[in-house]
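Below: input.cif (mmCIF, C-alpha atoms (C1' of nucleotides))
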data_model
#
loop_
_atom_site.group_PDB
_atom_site.id
_atom_site.type_symbol
_atom_site.label_atom_id
_atom_site.label_comp_id
_atom_site.auth_asym_id
_atom_site.auth_seq_id
_atom_site.Cartn_x
_atom_site.Cartn_y
_atom_site.Cartn_z
ATOM 1 C CA MET A 1 -14.265 -1.358 22.756
ATOM 2 C CA LEU A 2 -10.632 -2.301 23.313
ATOM 3 C CA SER A 3 -7.840 -1.504 20.903
ATOM 4 C CA GLN A 4 -6.391 -4.459 19.068
ATOM 5 C CA THR A 5 -3.258 -4.219 21.182
ATOM 6 C CA ALA A 6 -5.142 -4.169 24.488
ATOM 7 C CA GLU A 7 -7.222 -7.111 23.376
ATOM 8 C CA TYR A 8 -4.087 -9.094 22.559
ATOM 9 C CA ALA A 9 -2.706 -8.232 25.994
ATOM 10 C CA LEU A 10 -5.855 -9.419 27.733
ATOM 11 C CA ARG A 11 -6.030 -12.663 25.797
ATOM 12 C CA ALA A 12 -2.363 -13.320 26.464
ATOM 13 C CA VAL A 13 -2.723 -12.797 30.200
ATOM 14 C CA LEU A 14 -5.798 -15.033 30.349
ATOM 15 C CA TYR A 15 -3.819 -17.695 28.507
ATOM 16 C CA LEU A 16 -0.990 -17.430 31.014
ATOM 17 C CA GLY A 17 -3.541 -17.553 33.807
ATOM 18 C CA GLU A 18 -4.489 -21.072 32.860
ATOM 19 C CA HIS A 19 -0.950 -22.333 32.280
ATOM 20 C CA THR A 20 1.615 -22.839 35.016
ATOM 21 C CA GLY A 21 5.309 -22.185 34.548
ATOM 22 C CA PRO A 22 6.957 -20.141 31.825
ATOM 23 C CA VAL A 23 5.338 -20.102 28.386
ATOM 24 C CA ARG A 24 7.311 -19.152 25.287
ATOM 25 C CA VAL A 25 6.236 -16.287 23.047
ATOM 26 C CA GLY A 26 6.222 -18.519 20.000
ATOM 27 C CA ASP A 27 3.872 -21.014 21.604
ATOM 28 C CA MET A 28 1.499 -18.315 22.759
ATOM 29 C CA ALA A 29 1.567 -16.565 19.395
ATOM 30 C CA GLN A 30 0.602 -19.749 17.650
ATOM 31 C CA ALA A 31 -2.060 -20.748 20.162
ATOM 32 C CA LEU A 32 -3.656 -17.299 20.232
ATOM 33 C CA GLN A 33 -3.104 -16.498 16.559
ATOM 34 C CA ILE A 34 -1.307 -13.246 17.338
ATOM 35 C CA PRO A 35 1.704 -11.987 15.314
ATOM 36 C CA ARG A 36 4.744 -13.240 17.166
ATOM 37 C CA ASN A 37 6.950 -10.163 17.332
ATOM 38 C CA TYR A 38 4.012 -7.945 18.033
ATOM 39 C CA LEU A 39 2.998 -10.173 20.921
ATOM 40 C CA SER A 40 6.589 -10.133 22.106
ATOM 41 C CA LYS A 41 6.547 -6.374 22.527
ATOM 42 C CA ILE A 42 3.217 -6.498 24.327
ATOM 43 C CA LEU A 43 4.456 -9.128 26.763
ATOM 44 C CA HIS A 44 7.643 -7.205 27.355
ATOM 45 C CA LEU A 45 5.682 -4.103 28.307
ATOM 46 C CA LEU A 46 3.447 -6.141 30.598
ATOM 47 C CA ALA A 47 6.602 -7.452 32.248
ATOM 48 C CA ARG A 48 7.897 -3.929 32.724
ATOM 49 C CA THR A 49 4.631 -2.848 34.329
ATOM 50 C CA GLY A 50 4.790 -5.764 36.760
ATOM 51 C CA VAL A 51 1.938 -7.863 35.403
ATOM 52 C CA LEU A 52 4.182 -10.590 34.005
ATOM 53 C CA ALA A 53 7.553 -12.074 34.890
ATOM 54 C CA SER A 54 9.942 -12.874 32.063
ATOM 55 C CA ALA A 55 13.006 -15.074 31.858
ATOM 56 C CA ARG A 56 15.421 -15.564 28.987
ATOM 57 C CA GLY A 57 17.276 -18.618 27.875
ATOM 58 C CA LYS A 58 16.448 -22.221 27.428
ATOM 59 C CA THR A 59 13.951 -22.483 30.282
ATOM 60 C CA GLY A 60 12.666 -18.979 29.767
ATOM 61 C CA GLY A 61 9.275 -17.572 28.904
ATOM 62 C CA PHE A 62 6.520 -15.502 30.451
ATOM 63 C CA GLN A 63 4.231 -16.136 33.393
ATOM 64 C CA LEU A 64 1.979 -14.151 35.699
ATOM 65 C CA ALA A 65 3.847 -12.057 38.248
ATOM 66 C CA VAL A 66 0.671 -11.514 40.284
ATOM 67 C CA PRO A 67 -1.862 -14.083 41.530
ATOM 68 C CA ALA A 68 -4.817 -14.249 39.138
ATOM 69 C CA ASP A 69 -7.269 -13.301 41.866
ATOM 70 C CA ARG A 70 -5.387 -10.094 42.537
ATOM 71 C CA LEU A 71 -4.797 -9.156 38.898
ATOM 72 C CA ARG A 72 -7.450 -6.763 37.611
ATOM 73 C CA LEU A 73 -8.238 -6.123 33.972
ATOM 74 C CA HIS A 74 -7.341 -2.489 34.450
ATOM 75 C CA HIS A 75 -3.734 -3.432 35.198
ATOM 76 C CA ILE A 76 -3.467 -5.312 31.938
ATOM 77 C CA ILE A 77 -5.185 -2.854 29.664
ATOM 78 C CA ALA A 78 -4.008 0.491 31.032
ATOM 79 C CA PRO A 79 -0.580 0.558 29.337
ATOM 80 C CA PHE A 80 -2.161 0.081 25.915
ATOM 81 C CA ASP A 81 -5.559 1.716 26.129
ATOM 82 C CA ARG A 82 -6.200 4.385 28.700
ATOM 83 C CA ILE A 83 -9.655 3.423 29.862
ATOM 84 C CA ASP A 84 -9.493 6.190 32.449
ATOM 85 C CA GLU A 85 -9.908 8.625 29.605
ATOM 86 C CA ARG A 86 -13.138 6.946 28.607
ATOM 87 C CA ARG A 87 -14.701 8.578 31.603
ATOM 88 C CA ARG A 88 -13.925 11.958 30.159
ATOM 89 C CA CYS A 89 -16.694 14.016 28.695
ATOM 90 C CA LEU A 90 -18.516 12.335 25.846
ATOM 91 C CA LEU A 91 -18.237 15.565 23.905
ATOM 92 C CA GLY A 92 -14.491 15.702 24.343
ATOM 93 C CA ARG A 93 -14.255 18.668 26.649
ATOM 94 C CA PRO A 94 -11.132 18.878 28.760
ATOM 95 C CA GLN A 95 -13.040 20.341 31.673
ATOM 96 C CA CYS A 96 -16.253 18.481 32.374
ATOM 97 C CA SER A 97 -17.093 17.479 35.906
ATOM 98 C CA ASP A 98 -20.239 17.261 37.999
ATOM 99 C CA ARG A 99 -19.978 20.963 38.695
ATOM 100 C CA THR A 100 -19.505 22.136 35.137
ATOM 101 C CA ALA A 101 -21.667 19.596 33.358
ATOM 102 C CA CYS A 102 -22.052 19.575 29.614
ATOM 103 C CA ALA A 103 -25.257 18.395 28.018
ATOM 104 C CA ALA A 104 -24.231 14.794 27.845
ATOM 105 C CA HIS A 105 -22.412 14.650 31.117
ATOM 106 C CA THR A 106 -25.133 13.684 33.545
ATOM 107 C CA ARG A 107 -26.578 10.915 31.427
ATOM 108 C CA TRP A 108 -23.222 9.681 30.250
ATOM 109 C CA LYS A 109 -21.679 9.509 33.707
ATOM 110 C CA ASP A 110 -23.537 6.383 34.792
ATOM 111 C CA VAL A 111 -22.636 4.578 31.606
ATOM 112 C CA ALA A 112 -18.972 5.516 31.814
ATOM 113 C CA ASP A 113 -18.840 4.469 35.456
ATOM 114 C CA THR A 114 -20.255 1.070 34.585
ATOM 115 C CA VAL A 115 -17.537 0.488 32.020
ATOM 116 C CA ALA A 116 -14.751 1.791 34.227
ATOM 117 C CA SER A 117 -15.881 -0.308 37.176
ATOM 118 C CA PHE A 118 -15.879 -3.441 35.083
ATOM 119 C CA PHE A 119 -12.229 -3.066 34.170
ATOM 120 C CA ARG A 120 -11.202 -1.776 37.572
ATOM 121 C CA GLU A 121 -12.888 -4.500 39.618
ATOM 122 C CA THR A 122 -12.951 -7.631 37.500
ATOM 123 C CA THR A 123 -10.014 -9.972 38.091
ATOM 124 C CA VAL A 124 -8.370 -12.468 35.802
ATOM 125 C CA ALA A 125 -9.412 -15.238 38.180
ATOM 126 C CA GLU A 126 -13.057 -14.234 37.878
ATOM 127 C CA LEU A 127 -12.925 -14.389 34.108
ATOM 128 C CA LEU A 128 -11.186 -17.738 34.139
ATOM 129 C CA SER A 129 -13.699 -19.231 36.556
ATOM 130 C CA GLY A 130 -16.536 -18.304 34.205
ATOM 131 C CA ALA A 131 -15.475 -20.546 31.374
ATOM 132 C CA GLU A 132 -12.401 -21.984 29.762
ATOM 133 C CA VAL A 133 -10.304 -19.806 27.502
ATOM 134 C CA SER A 134 -8.765 -22.099 24.962
ATOM 135 C CA VAL A 135 -8.399 -19.677 22.078
ATOM 136 C CA MET B 1 -15.104 6.031 23.828
ATOM 137 C CA LEU B 2 -16.085 7.625 20.552
ATOM 138 C CA SER B 3 -13.761 8.133 17.634
ATOM 139 C CA GLN B 4 -12.732 11.690 16.953
ATOM 140 C CA THR B 5 -14.951 11.743 13.879
ATOM 141 C CA ALA B 6 -18.033 10.454 15.705
ATOM 142 C CA GLU B 7 -17.478 12.974 18.472
ATOM 143 C CA TYR B 8 -17.352 15.791 15.930
ATOM 144 C CA ALA B 9 -20.579 14.509 14.402
ATOM 145 C CA LEU B 10 -22.323 14.444 17.759
ATOM 146 C CA ARG B 11 -21.171 17.907 18.753
ATOM 147 C CA ALA B 12 -22.208 19.282 15.378
ATOM 148 C CA VAL B 13 -25.695 17.826 15.626
ATOM 149 C CA LEU B 14 -26.139 19.142 19.161
ATOM 150 C CA TYR B 15 -25.074 22.553 17.924
ATOM 151 C CA LEU B 16 -27.648 22.426 15.154
ATOM 152 C CA GLY B 17 -30.222 21.259 17.658
ATOM 153 C CA GLU B 18 -30.037 24.548 19.482
ATOM 154 C CA HIS B 19 -29.994 26.729 16.376
ATOM 155 C CA THR B 20 -32.934 27.209 14.060
ATOM 156 C CA GLY B 21 -32.587 27.614 10.320
ATOM 157 C CA PRO B 22 -29.576 26.745 8.178
ATOM 158 C CA VAL B 23 -26.127 27.124 9.705
ATOM 159 C CA ARG B 24 -23.027 27.464 7.531
ATOM 160 C CA VAL B 25 -20.134 25.018 7.811
ATOM 161 C CA GLY B 26 -17.682 27.842 8.388
ATOM 162 C CA ASP B 27 -19.638 29.198 11.317
ATOM 163 C CA MET B 28 -19.976 25.789 12.913
ATOM 164 C CA ALA B 29 -16.328 24.952 12.354
ATOM 165 C CA GLN B 30 -15.282 28.128 14.091
ATOM 166 C CA ALA B 31 -17.761 27.806 16.942
ATOM 167 C CA LEU B 32 -16.953 24.156 17.592
ATOM 168 C CA GLN B 33 -13.234 24.385 16.805
ATOM 169 C CA ILE B 34 -13.389 21.610 14.249
ATOM 170 C CA PRO B 35 -11.348 21.644 10.999
ATOM 171 C CA ARG B 36 -13.641 23.144 8.411
ATOM 172 C CA ASN B 37 -13.287 20.762 5.493
ATOM 173 C CA TYR B 38 -13.249 17.774 7.763
ATOM 174 C CA LEU B 39 -16.477 18.939 9.343
ATOM 175 C CA SER B 40 -17.872 19.523 5.881
ATOM 176 C CA LYS B 41 -17.426 15.886 4.967
ATOM 177 C CA ILE B 42 -18.979 14.747 8.217
ATOM 178 C CA LEU B 43 -22.018 16.962 7.724
ATOM 179 C CA HIS B 44 -22.375 15.793 4.158
ATOM 180 C CA LEU B 45 -22.487 12.183 5.266
ATOM 181 C CA LEU B 46 -25.013 13.007 7.973
ATOM 182 C CA ALA B 47 -27.129 14.625 5.266
ATOM 183 C CA ARG B 48 -26.874 11.526 3.114
ATOM 184 C CA THR B 49 -27.980 9.323 6.007
ATOM 185 C CA GLY B 50 -31.009 11.530 6.623
ATOM 186 C CA VAL B 51 -29.976 13.117 9.905
ATOM 187 C CA LEU B 52 -29.384 16.555 8.417
ATOM 188 C CA ALA B 53 -30.793 18.592 5.555
ATOM 189 C CA SER B 54 -28.375 20.591 3.436
ATOM 190 C CA ALA B 55 -28.850 23.476 1.033
ATOM 191 C CA ARG B 56 -26.342 25.218 -1.197
ATOM 192 C CA GLY B 57 -26.107 28.813 -2.208
ATOM 193 C CA LYS B 58 -26.494 32.095 -0.490
ATOM 194 C CA THR B 59 -29.103 31.058 2.036
ATOM 195 C CA GLY B 60 -27.713 27.553 2.359
ATOM 196 C CA GLY B 61 -26.337 25.598 5.255
ATOM 197 C CA PHE B 62 -27.185 22.606 7.412
ATOM 198 C CA GLN B 63 -30.037 21.951 9.802
ATOM 199 C CA LEU B 64 -31.670 18.978 11.472
ATOM 200 C CA ALA B 65 -33.801 16.878 9.159
ATOM 201 C CA VAL B 66 -35.450 15.088 12.082
ATOM 202 C CA PRO B 67 -37.053 16.557 15.219
ATOM 203 C CA ALA B 68 -34.572 16.568 18.090
ATOM 204 C CA ASP B 69 -36.840 14.425 20.244
ATOM 205 C CA ARG B 70 -36.897 11.705 17.608
ATOM 206 C CA LEU B 71 -33.201 11.836 16.766
ATOM 207 C CA ARG B 72 -31.206 9.259 18.713
ATOM 208 C CA LEU B 73 -27.477 9.309 19.276
ATOM 209 C CA HIS B 74 -27.186 6.000 17.491
ATOM 210 C CA HIS B 75 -28.367 7.582 14.243
ATOM 211 C CA ILE B 76 -25.644 10.196 14.443
ATOM 212 C CA ILE B 77 -22.747 7.997 15.456
ATOM 213 C CA ALA B 78 -23.412 4.832 13.496
ATOM 214 C CA PRO B 79 -21.984 5.997 10.140
ATOM 215 C CA PHE B 80 -18.652 6.875 11.749
ATOM 216 C CA ASP B 81 -18.251 4.453 14.614
ATOM 217 C CA ARG B 82 -20.089 1.178 14.585
ATOM 218 C CA ILE B 83 -21.184 0.950 18.170
ATOM 219 C CA ASP B 84 -23.035 -2.228 17.357
ATOM 220 C CA GLU B 85 -19.693 -3.953 17.129
ATOM 221 C CA ARG B 86 -18.859 -2.897 20.655
ATOM 222 C CA ARG B 87 -21.235 -5.576 21.802
ATOM 223 C CA ARG B 88 -19.060 -8.208 20.268
ATOM 224 C CA CYS B 89 -16.959 -10.431 22.458
ATOM 225 C CA LEU B 90 -14.480 -8.568 24.608
ATOM 226 C CA LEU B 91 -11.849 -11.071 23.573
ATOM 227 C CA GLY B 92 -12.480 -10.473 19.900
ATOM 228 C CA ARG B 93 -14.033 -13.768 18.994
ATOM 229 C CA PRO B 94 -16.193 -13.779 15.909
ATOM 230 C CA GLN B 95 -18.558 -16.319 17.433
ATOM 231 C CA CYS B 96 -19.458 -15.482 20.997
ATOM 232 C CA SER B 97 -23.080 -15.581 22.065
ATOM 233 C CA ASP B 98 -24.974 -16.596 25.153
ATOM 234 C CA ARG B 99 -24.777 -20.198 24.052
ATOM 235 C CA THR B 100 -21.068 -20.331 23.331
ATOM 236 C CA ALA B 101 -19.828 -18.016 26.034
ATOM 237 C CA CYS B 102 -16.168 -17.142 26.406
ATOM 238 C CA ALA B 103 -14.731 -16.344 29.790
ATOM 239 C CA ALA B 104 -15.448 -12.660 29.613
ATOM 240 C CA HIS B 105 -18.773 -12.917 27.897
ATOM 241 C CA THR B 106 -21.200 -13.202 30.775
ATOM 242 C CA ARG B 107 -19.734 -10.389 32.803
ATOM 243 C CA TRP B 108 -19.070 -8.178 29.818
ATOM 244 C CA LYS B 109 -22.559 -8.530 28.380
ATOM 245 C CA ASP B 110 -24.246 -6.323 30.951
ATOM 246 C CA VAL B 111 -21.665 -3.608 30.501
ATOM 247 C CA ALA B 112 -21.891 -3.661 26.729
ATOM 248 C CA ASP B 113 -25.669 -3.568 26.883
ATOM 249 C CA THR B 114 -25.563 -0.503 29.092
ATOM 250 C CA VAL B 115 -23.402 1.347 26.596
ATOM 251 C CA ALA B 116 -25.423 0.241 23.592
ATOM 252 C CA SER B 117 -28.703 1.212 25.240
ATOM 253 C CA PHE B 118 -27.412 4.675 26.011
ATOM 254 C CA PHE B 119 -26.690 5.414 22.375
ATOM 255 C CA ARG B 120 -29.758 3.627 21.091
ATOM 256 C CA GLU B 121 -32.257 5.291 23.413
ATOM 257 C CA THR B 122 -30.926 8.737 24.245
ATOM 258 C CA THR B 123 -32.234 11.504 22.006
ATOM 259 C CA VAL B 124 -30.691 14.805 21.036
ATOM 260 C CA ALA B 125 -33.542 16.607 22.776
ATOM 261 C CA GLU B 126 -32.787 14.828 26.030
ATOM 262 C CA LEU B 127 -29.179 15.917 25.913
ATOM 263 C CA LEU B 128 -30.089 19.486 25.080
ATOM 264 C CA SER B 129 -32.587 19.693 27.906
ATOM 265 C CA GLY B 130 -29.876 18.745 30.368
ATOM 266 C CA ALA B 131 -27.735 21.799 29.825
ATOM 267 C CA GLU B 132 -26.706 24.251 27.162
ATOM 268 C CA VAL B 133 -24.115 23.306 24.616
ATOM 269 C CA SER B 134 -22.254 26.434 23.681
ATOM 270 C CA VAL B 135 -18.921 24.913 22.723
ATOM 271 C "C1'" DT C 1 -27.034 36.759 -17.158
ATOM 272 C "C1'" DC C 2 -23.680 37.257 -13.730
ATOM 273 C "C1'" DA C 3 -21.388 37.444 -9.517
ATOM 274 C "C1'" DA C 4 -21.276 36.066 -4.825
ATOM 275 C "C1'" DT C 5 -21.947 32.418 -1.637
ATOM 276 C "C1'" DT C 6 -22.232 27.899 -0.192
ATOM 277 C "C1'" DT C 7 -22.074 22.834 -0.207
ATOM 278 C "C1'" DA C 8 -19.891 18.745 -2.754
ATOM 279 C "C1'" DT C 9 -15.943 16.372 -4.024
ATOM 280 C "C1'" DC C 10 -11.277 15.166 -5.177
ATOM 281 C "C1'" DA C 11 -6.389 14.757 -4.215
ATOM 282 C "C1'" DT C 12 -3.104 14.680 -0.967
ATOM 283 C "C1'" DA C 13 -0.669 15.188 3.513
ATOM 284 C "C1'" DT C 14 -0.107 13.929 8.320
ATOM 285 C "C1'" DT C 15 -0.339 11.020 12.235
ATOM 286 C "C1'" DA C 16 -1.212 6.927 14.947
ATOM 287 C "C1'" DT C 17 -1.989 2.100 15.012
ATOM 288 C "C1'" DC C 18 -0.785 -2.321 13.694
ATOM 289 C "C1'" DA C 19 2.550 -5.448 12.073
ATOM 290 C "C1'" DT C 20 7.015 -7.577 10.159
ATOM 291 C "C1'" DG C 21 11.988 -8.669 9.820
ATOM 292 C "C1'" DA C 22 16.452 -8.634 11.549
ATOM 293 C "C1'" DT C 23 19.691 -8.355 15.152
ATOM 294 C "C1'" DA C 24 21.399 -7.908 19.986
ATOM 295 C "C1'" DA C 25 21.604 -9.566 24.669
ATOM 296 C "C1'" DA C 26 20.967 -12.888 28.197
ATOM 297 C "C1'" DA C 27 20.652 -17.563 30.177
ATOM 298 C "C1'" DG C 28 21.128 -22.640 30.415
ATOM 299 C "C1'" DG C 29 23.296 -27.042 29.227
ATOM 300 C "C1'" DC C 30 27.051 -29.563 27.206
ATOM 301 C "C1'" DG D 1 34.128 -21.805 26.545
ATOM 302 C "C1'" DC D 2 30.622 -22.432 23.230
ATOM 303 C "C1'" DC D 3 26.316 -23.503 21.168
ATOM 304 C "C1'" DT D 4 21.372 -23.322 21.448
ATOM 305 C "C1'" DT D 5 17.318 -21.161 22.968
ATOM 306 C "C1'" DT D 6 14.912 -17.406 24.402
ATOM 307 C "C1'" DT D 7 13.592 -12.564 25.403
ATOM 308 C "C1'" DA D 8 14.852 -7.565 24.252
ATOM 309 C "C1'" DT D 9 15.220 -4.106 20.957
ATOM 310 C "C1'" DC D 10 15.757 -1.626 16.733
ATOM 311 C "C1'" DA D 11 14.422 -0.395 12.083
ATOM 312 C "C1'" DT D 12 11.148 -0.413 8.872
ATOM 313 C "C1'" DG D 13 6.760 -1.153 6.389
ATOM 314 C "C1'" DA D 14 1.552 -1.324 5.904
ATOM 315 C "C1'" DT D 15 -2.820 0.369 6.936
ATOM 316 C "C1'" DA D 16 -6.374 3.269 8.726
ATOM 317 C "C1'" DA D 17 -7.752 7.539 10.986
ATOM 318 C "C1'" DT D 18 -7.386 12.304 10.886
ATOM 319 C "C1'" DA D 19 -6.750 16.530 8.555
ATOM 320 C "C1'" DT D 20 -5.666 20.064 4.768
ATOM 321 C "C1'" DG D 21 -5.925 22.429 0.227
ATOM 322 C "C1'" DA D 22 -7.906 23.151 -4.068
ATOM 323 C "C1'" DT D 23 -11.598 22.891 -7.261
ATOM 324 C "C1'" DA D 24 -16.275 21.768 -8.987
ATOM 325 C "C1'" DA D 25 -21.228 22.222 -8.721
ATOM 326 C "C1'" DA D 26 -25.330 24.315 -7.215
ATOM 327 C "C1'" DT D 27 -28.221 28.167 -5.562
ATOM 328 C "C1'" DT D 28 -29.629 32.827 -4.674
ATOM 329 C "C1'" DG D 29 -30.302 37.623 -5.528
ATOM 330 C "C1'" DA D 30 -29.396 41.625 -8.124
#
Output the file's structure as structure tokens, nothing else.
Amino acid sequence: MLSQTAEYALRAVLYLGEHTGPVRVGDMAQALQIPRNYLSKILHLLARTGVLASARGKTGGFQLAVPADRLRLHHIIAPFDRIDERRRCLLGRPQCSDRTACAAHTRWKDVADTVASFFRETTVAELLSGAEVSV
Amino acid sequence: MLSQTAEYALRAVLYLGEHTGPVRVGDMAQALQIPRNYLSKILHLLARTGVLASARGKTGGFQLAVPADRLRLHHIIAPFDRIDERRRCLLGRPQCSDRTACAAHTRWKDVADTVASFFRETTVAELLSGAEVSV
DNA sequence: TCAATTTATCATATTATCATGATAAAAGGC
DNA sequence: GCCTTTTATCATGATAATATGATAAATTGA
């Protein structure tokens, strides 16, 4: 469902959501079993989009820049995996709305809305409250 | 949501669903704006999996091998895009069931089930009855 | 039989995704 | 100031998805 990159981003943010203070890339990479430099680029982009805060130097690392209960999955995933486009026509048509419906449109719409709502509404805090995320 | 290849497969089958008798690859490729040889391989695989029937020679072409009202989207998409795997843990864990739930599992399950059910239950006939599929 | 037509298949090219390795830039502590 | 630690960035490689081009194999109809 998610691209590998988006999945890494989500797991990384959830990890940061249950750790306070800055966490180093190397530590996260080892804990989450994600390639270090690859994770580094992902975290950097998340910092640029305002999801994370980064600091260099000896006491540096990454941490959430937004409270977990205000951070929605959409914010984390969007830079890597445009879930908005999932709502597009199942048959790949550029123009497919309620007015000009293709065969699949009507039936597909409810399904696509369910998926989109999940990412748009679910917060990091809600996921963390469900169960622990150790790995 | 679907891979490019799976989307081509679905559009091709819907096209065949509203045409009787064998249709040539070249005609379909032009009508659907899909690369000809690429479509050819897709149709061949659909024939091998029993979705389509193929015939060579002058009166050859492809047509549905199963009645449209018994042909489910899952049958068309599965060879190209394993939607079954979409039901796997959102966080990419190999082991994630109801018993050993990760943080995302409980909330994600309903969403994943909705998507899986759509492909598993919807038939080609149902899509075609909704509206015409010209392109 | 033979020629035309069509699917089947192989080889290869292109593009995007995923990942690695090395280096630069910034920050803190001595 | 200088060394260590850390993120930031660049260059490159590996792999899979997507697509193209050419040829082989099968079928039909004359």
Taking the file above as input, evaluate the PyMOL selection byres ((chain D) within 9 of (chain A)) and report the hits as a PyMOL selection string.
-> chain D and resi 4-8
Could you tell me which of B:Arg48, B:Arg11, B:His19, B:His75 comes closest to chain A if we count only C-alpha atoms?
->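 Nearest candidate to chain A out of B:Arg48, B:Arg11, B:His19, B:His75: B:Arg11.
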I need the residue set behind the PyMOL selection byres ((chain C) within 6 of (chain B)) for this file; please write it as an MDAnalysis selection string.
-> chainID C and resid 5:7
List the residues selected by the PyMOL selection byres ((chain D and resi 10-20) around 7) in the file shown, writing them as a PyMOL selection string.
-> (chain B and resi 38) or (chain D and resi 9+21)
Work out how far apart CA of Asp113 in chain A and CA of Glu7 in chain A are and give it in Å to one decimal.
->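 Calculated distance between CA of Asp113 in chain A and CA of Glu7 in chain A is 20.4 Å.
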Top pick for closest residue to chain A, considering B:Leu14, B:Met1, B:Met28, B:Leu39 and counting all atoms listed in the file | B:Met1
d(CA of Arg36 in chain B, CA of Thr122 in chain B) in Å |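 Atom-to-atom, CA of Arg36 in chain B and CA of Thr122 in chain B are spaced 27.5 Å apart.
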Check the smallest atom-to-atom distance from each of B:Thr20, B:Ala112, B:Arg120, B:Ala31 to chain A using only C-alpha atoms, then report the winner.
->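 When distances to chain A are compared using only C-alpha atoms, the smallest one comes from B:Ala112.
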